[in-house]
Amino acid sequence: MGNASGFYGDRFDAVREMLTGGELDVLTGDYLAELTMLILGRDQLKDPAAGYAKTFLRQMEEGLGLAHERGVRIVANAGGLNPAGLAEALRELAAKLGLPTRIAHVEGDRLPPGEGVVTSNAYLGGAGIAACLAAGADVVITGRVTDAALVTGPAQWHFGWGPEEYDRLAGAVVAGHVLECGTQATGGNYAFFADHDPALFRRPGFPVAELHADGSAVITKHAGTGGLVDVGTVTAQLLYETAGARYPGPDVTARLDTARLAQEGTDRVRIHGVTGEAPPPTLKAGLNRLGGFRNEVVFVLTGLDIEAKARLVREQIEDAFTGTDSAPADVRWELARTDREDAATEETASALLRLVVRAPSPDAVGRTVTGAAIELALASYPGFHVTAPPGKGAPYGVFGTAYVPAADVPHTAVLPDGTRQEIPAPARTLALTPVPGPPLPPPLAYDSTRRTPLGRIAGARSGDKGGNANVGVWVRTDEEWRWLAHALTVETFRALLPETAGLPVVRHVLPHLRALNFTVAGILGEGVASQARFDPQAKALGEWLRSRHLDIPEVLL
């Protein structure tokens, strides 16, 4: 099984690369994310026939023929809010190309929206995909399924797994989680890229999973493609956007604390030992609503007296807001000291002062803000200018989650002949409870330390789940693990990342991966679409942590 898309907007020619670059039985594509659902929802408000990933349809102009020639099935969640609409568009395309492609889709994830909600979708599992493939589908289009369902569905179909073969399903979930973000499993966004030949990372190939009947898998990539597959790249992706030892889904709850990795040759990593449990009785649902309107202005402060310049323009802007009836409800300032003393270029002599405003109405973030900023052009700090002229503001979204009984959510496979097959909810479920923390390894003995960045020995990957963020941190040797497990406590984590102070932080220990996974609640406000933070998806939170200095034992350096 190969992957050709990690998000809506990923490398367009990846479908061709994957279909022509090596052997495949199934090609998957993940096009959906929290923000994507909001984008598709806004598209559908303008055109009810929209709501799916148009890029995928264009990729299939060539991909359908290549897949037909090679006997490759295609499974993608590009249907978004309108899987039936995309399936019909694909049928029209196949007819135009003269291909006998059999197309099916999965629906039922879309829930009745509440007041003010643009999109409301439950995360379905892979059983509907399996039913479509069993009925002979060459292409299966879904809406909001879990990312891993794109792998668990074909695995259930191919191996004939029953719904309660939890260990096998859990292995497929882990493999699916590694594949779902495309090149992040093959060296993309990899913490230790600088330890390798830079040429490897210019154009990473997309990942392939060789899945076995017992649920184990080998992660690899097509021969001759760029990138790297090693224990580190797979560990990084396993930690991405996860939390504790239990990784719940609609098919199974996978125990991440049981996953073991082994290098089995160049660009081949085996995942084995994963155990599973019955899925929880509820399905997660993602809800997007419009939160209001937003605008921002970035002032450039150059040279001397940076703090005084920032204070002056801030007071001037806030005075202007005070004198109007349509002042923004939420005003935030952030000063980034990107300036250097005695700088050789003007840009490196400059700091950035970012003003972000939010309000329920567009007027309060439009003329009120742009007027206040532009009217200061000749009346504020010396060297006044902004990075771009302020605009009229734009709507922003808010992401939230809810949990609904799995039995209350329809899960329907619409087979190639139009037959509708209802997928039953799991007969057995198990409510989620925390896993007791495992014993820590014996502390490392050492005589001396050196103050140096944590990233000299530790990798990290971070990401978002709604308003929360996770930071996975791992090391490569048992000796490093004996130090990290004791040194990087929640208290130390908070001290290294002061933005997390006052927020709930939970540490999860995953010894088989030599990893710690920290979840930080609320750091991203109301989710990526609200853009509450400089790095709204926490993509670089882990790299900030790696750059912070700690007293690290000399024996590890």
# chains A, B, ... in the order shown; residues from 1 in each chain; ligands from 1
>>> residues_around(residues="Glu315 in chain A", least_positions_apart="2", cutoff="12 Å", atoms="only C-alpha atoms", output="number ranges by chain")
A: 308-313, 317-322, 333, 372-373, 376, 380-381
>>> write_last_selection(atoms="C-alpha atoms", output="short mmCIF file (atom, residue, chain, number, x, y, z; two decimals), in the first residue's frame")
data_model
loop_
_atom_site.label_atom_id
_atom_site.label_comp_id
_atom_site.auth_asym_id
_atom_site.auth_seq_id
_atom_site.Cartn_x
_atom_site.Cartn_y
_atom_site.Cartn_z
CA ALA A 308 10.27 52.32 23.04
CA LYS A 309 9.14 52.28 19.40
CA ALA A 310 6.86 49.35 20.09
CA ARG A 311 5.41 51.06 23.14
CA LEU A 312 4.72 54.27 21.20
CA VAL A 313 2.86 52.69 18.28
CA ILE A 317 -3.24 52.39 18.06
CA GLU A 318 -5.04 51.71 21.33
CA ASP A 319 -5.85 55.42 21.69
CA ALA A 320 -7.39 55.31 18.22
CA PHE A 321 -9.48 52.26 19.15
CA THR A 322 -10.70 53.96 22.32
CA TRP A 333 0.25 42.35 20.39
CA ALA A 372 -5.69 53.60 12.74
CA ALA A 373 -2.54 52.01 11.31
CA LEU A 376 0.20 56.90 11.71
CA SER A 380 4.74 57.58 14.85
CA TYR A 381 8.19 56.05 15.44
#
>>> residues_around(residues="Lys221 in chain A", least_positions_apart="4", cutoff="12 Å", atoms="only C-alpha atoms", output="JSON, numbers by chain")
{"A": [1, 2, 3, 4, 17, 18, 21, 22, 23, 24, 179, 182, 183, 185, 186, 187, 204, 205, 206, 207, 208, 209, 210, 225, 226, 227, 228, 229, 230, 266, 267, 268, 269]}
>>> atom_distance(atom1="CA of Ala406 in chain A", atom2="CA of Thr253 in chain A")
14.0 Å
>>> residues_around(residues="Arg367 in chain A", least_positions_apart="4", cutoff="12 Å", atoms="only C-alpha atoms", output="PyMOL selection string")
chain A and resi 295+320-321+324+326-328+361-363+371-375+390-393
>>> residues_around(residues="Arg16 in chain A", least_positions_apart="6", cutoff="10 Å", atoms="only C-alpha atoms", output="JSON, numbers by chain")
{"A": [4, 59, 60, 62, 63, 66, 67]}
>>> write_last_selection(atoms="C-alpha atoms", output="mmCIF file, in the first residue's frame")
data_model
loop_
_atom_site.group_PDB
_atom_site.id
_atom_site.type_symbol
_atom_site.label_atom_id
_atom_site.label_comp_id
_atom_site.auth_asym_id
_atom_site.auth_seq_id
_atom_site.Cartn_x
_atom_site.Cartn_y
_atom_site.Cartn_z
ATOM 1 C CA ALA A 4 0.250 9.813 -2.641
ATOM 2 C CA GLN A 59 -4.972 13.866 -10.688
ATOM 3 C CA MET A 60 -7.312 11.094 -11.797
ATOM 4 C CA GLU A 62 -4.083 10.404 -15.714
ATOM 5 C CA GLY A 63 -4.262 8.283 -12.559
ATOM 6 C CA LEU A 66 -2.389 4.173 -14.903
ATOM 7 C CA ALA A 67 -4.177 2.374 -12.065
#
>>> residues_around(residues="Gly400 in chain A", least_positions_apart="6", cutoff="7 Å", atoms="only C-alpha atoms", output="ChimeraX atom specification")
/A:286-288,466
>>> select_by_dssp(residues="range 90-202 of chain A", states="alpha helix (DSSP H)", output="PyMOL selection string")
chain A and resi 90-97+127-134+149-159+166-179
>>> closest_residue(among="A:Gly472, A:Pro553, A:Gly9, A:Pro382", to="Ser448 in chain A", atoms="only C-alpha atoms")
A:Pro553
>>> closest_residue(among="A:Ala329, A:Ile129, A:Ala540, A:Ala155", to="Gln421 in chain A", atoms="only C-alpha atoms")
A:Ile129
>>> closest_residue(among="A:Ala130, A:Leu261, A:Cys181, A:Val118", to="Ile219 in chain A", atoms="only C-alpha atoms")
A:Leu261
>>> residues_around(residues="Arg337 in chain A", least_positions_apart="6", cutoff="10 Å", atoms="only C-alpha atoms", output="list in words")
Leu301, Ile306, Glu307, Ala349, Ser350, Ala351, Leu352 and Leu353 of chain A
>>> write_last_selection(atoms="N, CA, C and O atoms", output="PDB file, in the first residue's frame")
ATOM      1  N   LEU A 301      10.108  47.543  13.070  1.00  0.00           N
ATOM      2  CA  LEU A 301      10.829  48.455  13.965  1.00  0.00           C
ATOM      3  C   LEU A 301      12.323  48.233  13.742  1.00  0.00           C
ATOM      4  O   LEU A 301      12.828  47.133  13.962  1.00  0.00           O
ATOM      5  N   ILE A 306      14.085  49.776  20.205  1.00  0.00           N
ATOM      6  CA  ILE A 306      13.009  48.910  19.723  1.00  0.00           C
ATOM      7  C   ILE A 306      11.837  48.881  20.697  1.00  0.00           C
ATOM      8  O   ILE A 306      10.669  49.020  20.306  1.00  0.00           O
ATOM      9  N   GLU A 307      12.124  48.682  21.983  1.00  0.00           N
ATOM     10  CA  GLU A 307      11.046  48.597  22.967  1.00  0.00           C
ATOM     11  C   GLU A 307      10.254  49.896  23.037  1.00  0.00           C
ATOM     12  O   GLU A 307       9.023  49.889  23.144  1.00  0.00           O
ATOM     13  N   ALA A 349      18.494  44.219  11.097  1.00  0.00           N
ATOM     14  CA  ALA A 349      18.457  45.252  12.132  1.00  0.00           C
ATOM     15  C   ALA A 349      17.036  45.510  12.623  1.00  0.00           C
ATOM     16  O   ALA A 349      16.819  46.380  13.466  1.00  0.00           O
ATOM     17  N   SER A 350      16.073  44.744  12.119  1.00  0.00           N
ATOM     18  CA  SER A 350      14.663  45.049  12.361  1.00  0.00           C
ATOM     19  C   SER A 350      13.966  44.000  13.207  1.00  0.00           C
ATOM     20  O   SER A 350      14.239  42.799  13.093  1.00  0.00           O
ATOM     21  N   ALA A 351      13.046  44.468  14.032  1.00  0.00           N
ATOM     22  CA  ALA A 351      12.143  43.614  14.800  1.00  0.00           C
ATOM     23  C   ALA A 351      10.740  43.749  14.210  1.00  0.00           C
ATOM     24  O   ALA A 351      10.452  44.689  13.464  1.00  0.00           O
ATOM     25  N   LEU A 352       9.873  42.797  14.560  1.00  0.00           N
ATOM     26  CA  LEU A 352       8.506  42.797  14.039  1.00  0.00           C
ATOM     27  C   LEU A 352       7.510  42.886  15.184  1.00  0.00           C
ATOM     28  O   LEU A 352       7.572  42.093  16.124  1.00  0.00           O
ATOM     29  N   LEU A 353       6.615  43.832  15.102  1.00  0.00           N
ATOM     30  CA  LEU A 353       5.542  44.000  16.086  1.00  0.00           C
ATOM     31  C   LEU A 353       4.233  43.633  15.395  1.00  0.00           C
ATOM     32  O   LEU A 353       3.804  44.304  14.453  1.00  0.00           O
TER      33      LEU A 353
END
>>> residues_around(residues="Ala78 in chain A", least_positions_apart="3", cutoff="10 Å", atoms="only C-alpha atoms", output="list of chain:residue names")
A:Ser5, A:Phe7, A:Tyr8, A:Gly29, A:Asp30, A:Tyr31, A:Leu32, A:Gly51, A:Tyr52, A:Ala53, A:Lys54, A:Thr55, A:Phe56, A:Leu57, A:Val75, A:Leu81, A:Asn82, A:Pro83, A:Leu86, A:Ala87, A:Val140, A:Ile141, A:Thr142, A:Gly143, A:Arg144
>>> select_by_dssp(residues="range 258-357 of chain A", states="strand (DSSP E)", output="ChimeraX atom specification")
/A:260-263,269-272,275-277,282-302,330-336,350-357
